[in-house]
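Engineer: Pasting target-v4.csv below, which is CSV, C-alpha atoms and all ligand atoms.
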```csv
chain,number,residue,atom,x,y,z
T,2,MET,CA,10.8,-6.0,-9.8
T,3,THR,CA,11.0,-2.6,-11.5
T,4,PHE,CA,9.0,0.5,-11.6
T,5,LYS,CA,7.3,-0.8,-14.7
T,6,LYS,CA,3.8,-2.1,-15.0
T,7,PRO,CA,3.3,-5.7,-16.0
T,8,ALA,CA,4.1,-6.2,-19.7
T,9,TYR,CA,0.5,-7.0,-20.3
T,10,PHE,CA,-0.3,-3.3,-19.7
T,11,PHE,CA,2.4,-2.1,-22.1
T,12,THR,CA,0.3,-3.2,-25.0
T,13,ALA,CA,-2.9,-2.1,-23.5
T,14,ALA,CA,-4.7,1.2,-23.8
T,15,LEU,CA,-2.8,2.3,-20.8
T,16,ALA,CA,-0.1,4.8,-21.2
T,17,GLY,CA,-0.6,6.0,-17.7
T,18,ALA,CA,0.6,4.3,-14.6
T,19,ALA,CA,0.4,3.8,-10.9
T,20,LEU,CA,2.9,4.8,-8.3
T,21,LEU,CA,6.3,3.4,-9.1
T,22,VAL,CA,5.4,2.0,-12.5
T,23,GLY,CA,6.5,3.0,-16.0
T,24,CYS,CA,6.2,2.9,-19.7
T,25,SER,CA,3.7,2.1,-22.4
T,26,SER,CA,3.5,2.0,-26.1
T,27,SER,CA,2.5,4.5,-28.7
T,28,SER,CA,-0.6,2.5,-29.6
T,29,ALA,CA,-1.6,2.9,-26.1
T,30,SER,CA,-1.8,6.6,-26.3
T,31,LYS,CA,-3.9,6.5,-29.4
T,32,SER,CA,-6.5,4.1,-28.2
T,33,ALA,CA,-6.5,5.8,-24.8
T,34,SER,CA,-7.9,8.9,-26.4
T,35,THR,CA,-11.2,7.2,-26.9
T,36,SER,CA,-11.4,5.9,-23.3
T,37,ASN,CA,-13.7,6.9,-20.5
T,38,GLY,CA,-11.2,8.9,-18.6
T,39,GLY,CA,-13.8,11.6,-18.2
T,40,SER,CA,-14.2,14.5,-20.6
T,41,VAL,CA,-14.1,18.1,-19.8
T,42,ALA,CA,-17.8,18.5,-20.6
T,43,SER,CA,-18.9,15.7,-18.3
T,44,ASN,CA,-16.7,16.9,-15.5
T,45,ALA,CA,-18.2,20.3,-15.8
T,46,THR,CA,-21.4,18.8,-14.4
T,47,ALA,CA,-19.6,16.7,-11.9
T,48,VAL,CA,-18.5,19.3,-9.4
T,49,ASN,CA,-19.7,17.7,-6.3
T,50,ALA,CA,-18.0,20.2,-4.1
T,51,GLY,CA,-19.5,20.2,-0.7
T,52,SER,CA,-20.0,23.3,1.3
T,53,VAL,CA,-20.5,24.6,4.8
T,54,GLY,CA,-22.1,27.9,5.1
T,55,GLY,CA,-21.2,28.5,1.4
T,56,ALA,CA,-17.5,27.5,1.8
T,57,THR,CA,-16.7,25.4,-1.2
T,58,ILE,CA,-13.7,23.0,-1.4
T,59,PRO,CA,-10.7,24.8,-2.7
T,60,GLU,CA,-9.6,23.7,-6.1
T,61,ILE,CA,-6.3,23.5,-7.9
T,62,THR,CA,-5.7,22.7,-11.5
T,63,VAL,CA,-2.8,20.5,-12.6
T,64,THR,CA,-2.2,20.8,-16.3
T,65,ALA,CA,-0.2,18.0,-17.8
T,66,LYS,CA,1.4,17.6,-21.3
T,67,GLU,CA,4.5,16.0,-22.7
T,68,TYR,CA,6.5,16.3,-20.5
T,69,SER,CA,5.7,18.9,-17.9
T,70,PHE,CA,3.3,19.9,-15.2
T,71,ASP,CA,1.8,23.3,-14.7
T,72,MET,CA,0.3,24.0,-11.3
T,73,PRO,CA,0.7,26.4,-8.4
T,74,GLU,CA,4.0,26.2,-6.6
T,75,SER,CA,2.4,26.8,-3.2
T,76,VAL,CA,-1.1,25.7,-2.1
T,77,SER,CA,-3.1,26.0,1.1
T,78,PRO,CA,-3.6,23.1,3.5
T,79,GLY,CA,-6.8,21.2,3.8
T,80,LEU,CA,-9.3,19.3,1.7
T,81,THR,CA,-8.6,20.2,-1.9
T,82,LYS,CA,-10.1,19.3,-5.2
T,83,ILE,CA,-7.4,18.3,-7.7
T,84,ARG,CA,-8.4,18.7,-11.3
T,85,LEU,CA,-6.0,17.1,-13.7
T,86,VAL,CA,-6.3,18.6,-17.2
T,87,ASN,CA,-4.4,16.5,-19.6
T,88,SER,CA,-3.7,18.8,-22.5
T,89,GLY,CA,-1.2,16.4,-24.0
T,90,LYS,CA,-1.6,13.4,-26.3
T,91,GLU,CA,-0.4,10.7,-24.0
T,92,GLU,CA,-1.8,9.3,-20.8
T,93,HIS,CA,-0.6,11.1,-17.7
T,94,THR,CA,-1.2,10.9,-13.9
T,95,ALA,CA,-1.0,13.5,-11.2
T,96,GLN,CA,0.2,11.4,-8.2
T,97,PHE,CA,0.8,13.6,-5.1
T,98,ILE,CA,3.6,12.5,-2.8
T,99,ARG,CA,4.7,14.3,0.3
T,100,LEU,CA,8.4,14.1,1.3
T,101,ASN,CA,8.9,12.7,4.7
T,102,ALA,CA,10.7,14.8,7.3
T,103,GLY,CA,14.3,15.5,6.4
T,104,VAL,CA,14.1,13.9,3.0
T,105,THR,CA,15.6,15.9,0.1
T,106,PRO,CA,14.2,16.2,-3.4
T,107,ALA,CA,17.5,14.7,-4.7
T,108,GLN,CA,16.9,11.5,-2.6
T,109,VAL,CA,13.4,11.1,-4.0
T,110,THR,CA,14.4,11.6,-7.6
T,111,ALA,CA,17.3,9.1,-7.2
T,112,ALA,CA,15.1,6.5,-5.5
T,113,LEU,CA,12.5,6.9,-8.3
T,114,GLN,CA,15.0,6.0,-10.9
T,115,ASP,CA,16.3,2.9,-9.0
T,116,GLU,CA,14.3,0.3,-10.8
T,117,ASN,CA,15.7,-2.5,-8.7
T,118,ASN,CA,14.4,-1.1,-5.4
T,119,PRO,CA,10.9,0.2,-5.7
T,120,GLN,CA,10.4,0.0,-1.9
T,121,GLY,CA,13.2,2.5,-1.5
T,122,VAL,CA,10.8,5.3,-2.4
T,123,PHE,CA,8.3,4.4,0.3
T,124,LYS,CA,10.8,5.1,3.0
T,125,LEU,CA,11.1,8.7,1.7
T,126,ILE,CA,7.6,9.7,0.9
T,127,THR,CA,4.0,9.5,1.9
T,128,ALA,CA,1.5,8.8,-0.9
T,129,ALA,CA,-1.0,11.6,-0.8
T,130,GLY,CA,-3.5,10.6,-3.5
T,131,GLY,CA,-4.2,12.6,-6.6
T,132,VAL,CA,-5.6,11.7,-10.0
T,133,ASN,CA,-4.8,8.4,-11.7
T,134,ALA,CA,-4.3,7.6,-15.4
T,135,THR,CA,-6.0,10.1,-17.5
T,136,PRO,CA,-5.9,9.9,-21.3
T,137,GLY,CA,-4.7,12.8,-23.5
T,138,GLY,CA,-7.3,15.4,-24.0
T,139,LYS,CA,-9.3,14.3,-20.9
T,140,GLU,CA,-9.8,15.7,-17.5
T,141,ASN,CA,-10.4,14.0,-14.1
T,142,ASP,CA,-10.9,15.1,-10.5
T,143,ALA,CA,-9.9,13.7,-7.2
T,144,TYR,CA,-9.8,15.2,-3.7
T,145,ALA,CA,-7.0,15.1,-1.2
T,146,ASN,CA,-6.6,16.3,2.4
T,147,LEU,CA,-3.3,18.2,2.1
T,148,THR,CA,-1.1,18.7,5.1
T,149,ALA,CA,1.8,21.1,5.3
T,150,GLY,CA,5.0,20.0,3.7
T,151,ASN,CA,7.1,19.5,0.6
T,152,TYR,CA,5.4,17.6,-2.2
T,153,TYR,CA,5.9,16.4,-5.7
T,154,VAL,CA,3.3,15.8,-8.4
T,155,VAL,CA,4.4,12.9,-10.4
T,156,SER,CA,3.3,11.2,-13.6
T,157,PHE,CA,4.0,7.5,-14.0
T,158,GLY,CA,2.9,7.4,-17.6
T,159,GLY,CA,5.3,6.8,-20.4
T,160,GLY,CA,5.3,6.9,-24.1
T,161,ASP,CA,6.7,5.3,-27.2
T,162,ASN,CA,8.8,2.8,-25.2
T,163,GLY,CA,10.7,5.7,-23.9
T,164,PRO,CA,11.5,6.5,-20.2
T,165,PRO,CA,8.7,7.0,-17.8
T,166,ASP,CA,7.1,10.5,-17.7
T,167,PHE,CA,8.8,11.4,-14.4
T,168,ALA,CA,12.2,10.8,-15.9
T,169,GLN,CA,11.3,13.3,-18.7
T,170,GLY,CA,10.3,16.2,-16.6
T,171,MET,CA,6.9,15.2,-15.1
T,172,LEU,CA,8.1,15.5,-11.5
T,173,LYS,CA,7.3,18.9,-10.1
T,174,ALA,CA,7.9,20.2,-6.6
T,175,PHE,CA,5.3,22.2,-4.8
T,176,THR,CA,4.7,23.3,-1.2
T,177,VAL,CA,1.6,23.0,1.0
T,178,LYS,CA,1.7,26.0,3.3
T,179,ASP,CA,1.4,25.9,7.1
T,180,GLY,CA,-1.8,27.2,8.4
T,181,THR,CA,-5.3,26.3,9.5
T,182,ALA,CA,-7.3,24.3,7.0
T,183,PRO,CA,-10.7,25.9,6.2
T,184,GLN,CA,-13.7,24.0,7.4
T,185,VAL,CA,-15.4,22.5,4.4
T,186,ALA,CA,-17.7,19.5,4.1
T,187,PRO,CA,-16.4,16.6,2.0
T,188,PRO,CA,-17.8,16.1,-1.5
T,189,LYS,CA,-21.1,14.4,-1.9
T,190,THR,CA,-20.4,10.7,-2.4
T,191,SER,CA,-22.4,7.7,-3.6
T,192,GLY,CA,-20.2,5.1,-2.0
T,193,LYS,CA,-17.0,4.2,-0.1
T,194,VAL,CA,-14.2,2.0,-1.3
T,195,THR,CA,-11.8,0.5,1.3
T,196,LEU,CA,-8.4,-0.5,-0.1
T,197,ALA,CA,-7.1,-3.7,1.5
T,198,ASP,CA,-4.4,-6.3,1.0
T,199,TYR,CA,-5.5,-7.3,-1.7
T,200,ASN,CA,-8.9,-6.1,-2.5
T,201,PHE,CA,-11.3,-3.2,-3.0
T,202,LEU,CA,-14.1,-3.5,-0.5
T,203,GLY,CA,-17.5,-1.8,-0.3
T,204,VAL,CA,-18.6,-1.2,-3.9
T,205,GLU,CA,-19.8,-3.8,-6.4
T,206,SER,CA,-21.6,-1.6,-8.9
T,207,LEU,CA,-22.0,2.0,-9.8
T,208,SER,CA,-24.4,4.1,-11.8
T,209,ALA,CA,-23.4,5.4,-15.2
T,210,GLY,CA,-22.4,9.1,-15.3
T,211,SER,CA,-20.5,11.1,-12.8
T,212,THR,CA,-19.9,9.3,-9.5
T,213,THR,CA,-17.8,10.5,-6.6
T,214,LEU,CA,-16.5,7.8,-4.2
T,215,GLU,CA,-14.8,8.1,-0.9
T,216,VAL,CA,-11.6,6.0,-0.9
T,217,LEU,CA,-10.0,4.9,2.4
T,218,ASN,CA,-6.8,2.9,2.5
T,219,GLY,CA,-7.4,0.3,5.2
T,220,GLY,CA,-3.8,-1.0,4.7
T,221,PRO,CA,-1.6,-2.4,5.7
T,222,GLN,CA,0.3,-1.4,2.5
T,223,THR,CA,0.1,1.7,0.3
T,224,HIS,CA,-2.6,1.2,-2.4
T,225,GLU,CA,-4.1,3.0,-5.4
T,226,MET,CA,-7.3,2.6,-7.3
T,227,TYR,CA,-6.7,2.4,-11.1
T,228,VAL,CA,-9.9,2.0,-13.1
T,229,VAL,CA,-10.2,0.3,-16.5
T,230,LYS,CA,-13.2,-0.4,-18.7
T,231,LEU,CA,-13.3,-4.0,-19.9
T,232,ASN,CA,-14.4,-4.5,-23.5
T,233,ASN,CA,-15.3,-7.4,-25.7
T,234,GLY,CA,-16.6,-9.6,-22.9
T,235,TYR,CA,-13.3,-9.7,-21.1
T,236,THR,CA,-13.9,-10.2,-17.4
T,237,ALA,CA,-12.3,-9.0,-14.3
T,238,ASP,CA,-11.6,-12.7,-13.4
T,239,GLN,CA,-9.7,-13.1,-16.7
T,240,LEU,CA,-7.8,-9.9,-16.0
T,241,LYS,CA,-6.9,-11.1,-12.5
T,242,ALA,CA,-5.8,-14.5,-13.9
T,243,ASP,CA,-3.7,-12.9,-16.6
T,244,MET,CA,-2.0,-10.6,-14.1
T,245,ALA,CA,-1.2,-13.4,-11.8
T,246,ALA,CA,0.1,-15.6,-14.6
T,247,GLU,CA,2.4,-12.9,-15.9
T,248,ALA,CA,3.9,-12.4,-12.4
T,249,ASN,CA,4.6,-16.1,-12.3
T,250,GLY,CA,6.6,-15.9,-15.5
T,251,GLY,CA,3.7,-16.5,-18.0
T,252,THR,CA,3.3,-14.8,-21.3
T,253,PRO,CA,0.6,-12.2,-21.6
T,254,PRO,CA,-2.1,-12.8,-24.2
T,255,ALA,CA,-1.1,-11.6,-27.6
T,256,GLY,CA,-2.6,-8.5,-29.1
T,257,ALA,CA,-4.0,-5.4,-27.6
T,258,PRO,CA,-5.8,-6.3,-24.4
T,259,PRO,CA,-9.5,-5.4,-24.4
T,260,PHE,CA,-9.6,-2.8,-21.8
T,261,GLU,CA,-8.9,0.9,-21.5
T,262,ASP,CA,-8.2,3.5,-18.8
T,263,ALA,CA,-11.0,5.1,-17.0
T,264,GLY,CA,-9.3,7.2,-14.3
T,265,GLY,CA,-9.1,6.5,-10.6
T,266,ILE,CA,-7.3,7.9,-7.6
T,267,GLY,CA,-3.6,7.9,-7.0
T,268,ALA,CA,-1.8,5.9,-4.3
T,269,LEU,CA,-2.8,6.7,-0.7
T,270,ALA,CA,-0.8,6.0,2.4
T,271,VAL,CA,-2.3,3.7,5.0
T,272,ASN,CA,-5.2,5.2,7.0
T,273,THR,CA,-5.6,8.0,4.4
T,274,THR,CA,-8.9,9.0,2.9
T,275,GLY,CA,-9.3,10.6,-0.6
T,276,TYR,CA,-12.2,11.1,-3.0
T,277,VAL,CA,-12.4,10.5,-6.7
T,278,THR,CA,-14.9,11.4,-9.3
T,279,LEU,CA,-15.4,8.8,-12.0
T,280,ASN,CA,-17.2,9.4,-15.3
T,281,LEU,CA,-18.2,6.0,-16.5
T,282,SER,CA,-20.5,4.8,-19.2
T,283,ALA,CA,-22.4,1.5,-18.7
T,284,GLY,CA,-20.3,-1.6,-18.9
T,285,ASN,CA,-17.9,-3.8,-17.0
T,286,TYR,CA,-15.0,-2.3,-15.2
T,287,ALA,CA,-12.1,-3.3,-13.0
T,288,PHE,CA,-10.3,-1.6,-10.2
T,289,LEU,CA,-6.6,-2.5,-10.0
T,290,CYS,CA,-3.6,-1.6,-7.8
T,291,PHE,CA,-0.1,-1.7,-9.3
T,292,ILE,CA,1.8,-0.8,-6.2
T,293,PRO,CA,4.7,-3.2,-5.8
T,294,ASP,CA,4.2,-5.5,-2.9
T,295,ILE,CA,6.4,-4.9,0.1
T,296,ASN,CA,7.3,-8.6,0.5
T,297,LYS,CA,6.9,-10.1,-3.0
T,298,GLY,CA,7.9,-7.2,-5.2
T,299,VAL,CA,5.2,-7.9,-7.8
T,300,PRO,CA,2.3,-5.5,-8.3
T,301,HIS,CA,-0.6,-6.0,-6.0
T,302,ALA,CA,-2.8,-6.7,-9.0
T,303,SER,CA,-0.8,-9.8,-9.6
T,304,LEU,CA,-1.6,-10.9,-6.1
T,305,GLY,CA,-5.3,-10.6,-6.7
T,306,MET,CA,-6.0,-6.9,-6.2
T,307,VAL,CA,-8.3,-6.8,-9.1
T,308,LYS,CA,-12.0,-6.1,-8.5
T,309,GLY,CA,-14.8,-6.3,-11.1
T,310,ILE,CA,-17.3,-3.5,-11.0
T,311,THR,CA,-20.5,-3.3,-13.0
T,312,VAL,CA,-21.7,0.1,-14.2
T,313,LYS,CA,-25.4,0.3,-15.0
T,401,CU,CU,-2.1,-2.1,-3.6
```
Using structure tokens, write down the structure from this file.
Ligand SMILES: [Cu+2]

Structural biologist:
Amino acid sequence: MTFKKPAYFFTAALAGAALLVGCSSSSASKSASTSNGGSVASNATAVNAGSVGGATIPEITVTAKEYSFDMPESVSPGLTKIRLVNSGKEEHTAQFIRLNAGVTPAQVTAALQDENNPQGVFKLITAAGGVNATPGGKENDAYANLTAGNYYVVSFGGGDNGPPDFAQGMLKAFTVKDGTAPQVAPPKTSGKVTLADYNFLGVESLSAGSTTLEVLNGGPQTHEMYVVKLNNGYTADQLKADMAAEANGGTPPAGAPPFEDAGGIGALAVNTTGYVTLNLSAGNYAFLCFIPDINKGVPHASLGMVKGITVK
């Protein structure tokens, strides 16, 4: 097991990645630019920030490009809207991770580069959500409840068969300050997804347009929600079967797989809630999780964590 996604995804329109996964191809970046990762325009109408007595959810903008992040070095605690603006050409993610007590940044960066021991990272960090794979030129939003500590924002995308984004500079430290979080209402949601070993529970279909979902990791392992749009009649069951086959040593189907990135929420630690705004056109989608399994090493998607979703 390595930090890379299954090979099937290398050839897909998926230059982004999940927690602890890696590279992709140049063709991926190009096709990803047409995907439904959520445009700036559609997001402008998708500000579902809740309020209590006029208090809106604080917002931070993370700007990503090849290969750096720009975001505040210090942010306030509490429920926070994270807007990932991908001003680059390739797919990027803004995964938030909090360093566990006593852990140094050097330990985390070393663990991230150890492809033979992906679980080593989980001993050092707590997955705190963030925005999943967002194509170049697109923008996506997620919400995280930030608690005081030392964090990294990490991109697990990659490009042109090169090293993963985080090894090229897309690993940036920031601090969440001590203090009292402001009292704000959560964003208005149209559903709740519970992440489980190995499934996405609670949502079967969504309405086209901008939709904000609550996402709870019910555990017992760390999970993410990575969203793809399925094209050309390809089904979630086929995707699930292809992922499982590859993990068992099978060869992925030839050619570019008929799916493309559509955003999602970054990995969440167990018993953690986040929120994600998806901007989806009508069609068939799948939620996936690429977190490496704690026992088997393979991505959870290869163990069945693929859920078909209809968008009407
Ligand atoms: Cu998972």

Engineer: Using all atoms listed in the file, find each residue with an atom at most 9 Å away from ligand CU 401 (chain T) and format the answer as a list in words.

Structural biologist: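 Residues satisfying the distance criterion: Leu196, Ala197, Asp198, Tyr199, Asn200, Gly220, Gln222, Thr223, His224, Glu225, Met226, Ala268, Leu289, Cys290, Phe291, Ile292, Pro293, Asp294, Pro300, His301, Ala302 and Met306 of chain T.
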
Engineer: Using only C-alpha atoms, which of T:Lys124, T:Lys297, T:Lys66, T:Arg84 sits nearest Glu140 in chain T?

Structural biologist: T:Arg84

Engineer: Write out as a PyMOL selection string which residues come within 10 Å of Thr110 in chain T when counting only C-alpha atoms, dropping same-chain ones fewer than 5 positions away.

Structural biologist: chain T and resi 105+115+122+153+167-168+172

Engineer: So, with only C-alpha atoms as the atoms that count, which of T:Glu60, T:Glu215, T:Asp238, T:Glu205 lies closest to Ile310 in chain T?

Structural biologist: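 The closest residue to Ile310 in chain T is T:Glu205.
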
Engineer: For a quick check of understanding, using only C-alpha atoms, which of T:Val299, T:Ala209, T:Ala143, T:Leu240 has the smallest distance to Asn280 in chain T?

Structural biologist: T:Ala209

Engineer: Which is closest to Pro258 in chain T among T:Asn101, T:Thr273, T:Thr64, T:Gln239, if we use only C-alpha atoms?

Structural biologist: T:Gln239

Engineer: At what distance in Å, to one decimal, does CA of Val216 in chain T lie from CA of Pro187 in chain T?

Structural biologist: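 So the answer is 12.0 Å.
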
Engineer: Go through T:Leu113, T:Leu85, T:Val132, T:Val76 and flag the residue nearest Thr176 in chain T, using only C-alpha atoms for the distances.

Structural biologist: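 Checking each of T:Leu113, T:Leu85, T:Val132, T:Val76 against Thr176 in chain T, counting only C-alpha atoms, the winner is T:Val76.
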
Engineer: Show me the residues around (2.7, 13.9, -24.9) - criterion: an atom at most 10 Å away, all atoms listed in the file counted - as a ChimeraX atom specification.

Structural biologist: /T:30,65-69,87-93,137,158-161,166

Engineer: Give me, as a PDB file with C-alpha atoms, keeping the file's coordinate frame, all polymer residues having an atom no more than 8 Å from Thr236 in chain T, counting all atoms listed in the file and skipping those fewer than 4 positions away in the same chain.

Structural biologist:
```pdb
ATOM      1  CA  LEU T 231     -13.300  -4.000 -19.900  1.00  0.00           C
ATOM      2  CA  LEU T 240      -7.800  -9.900 -16.000  1.00  0.00           C
ATOM      3  CA  ASN T 285     -17.900  -3.800 -17.000  1.00  0.00           C
ATOM      4  CA  GLY T 309     -14.800  -6.300 -11.100  1.00  0.00           C
TER       5      GLY T 309
END
```

Engineer: Which value, in Å to one decimal, gives the distance between CA of Gln169 in chain T and CA of Gln114 in chain T?

Structural biologist: 11.3 Å

Engineer: Restricting the calculation to only C-alpha atoms, which member of T:Met72, T:Val271, T:Ala255, T:Leu202 is positioned closest to Lys308 in chain T?

Structural biologist: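 Of T:Met72, T:Val271, T:Ala255, T:Leu202, the one nearest Lys308 in chain T, counting only C-alpha atoms, is T:Leu202.
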
Engineer: What separation in Å, quoted to one decimal, exists between CA of Thr135 in chain T and CA of Ile83 in chain T?

Structural biologist: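 Those two atoms sit 12.9 Å apart.
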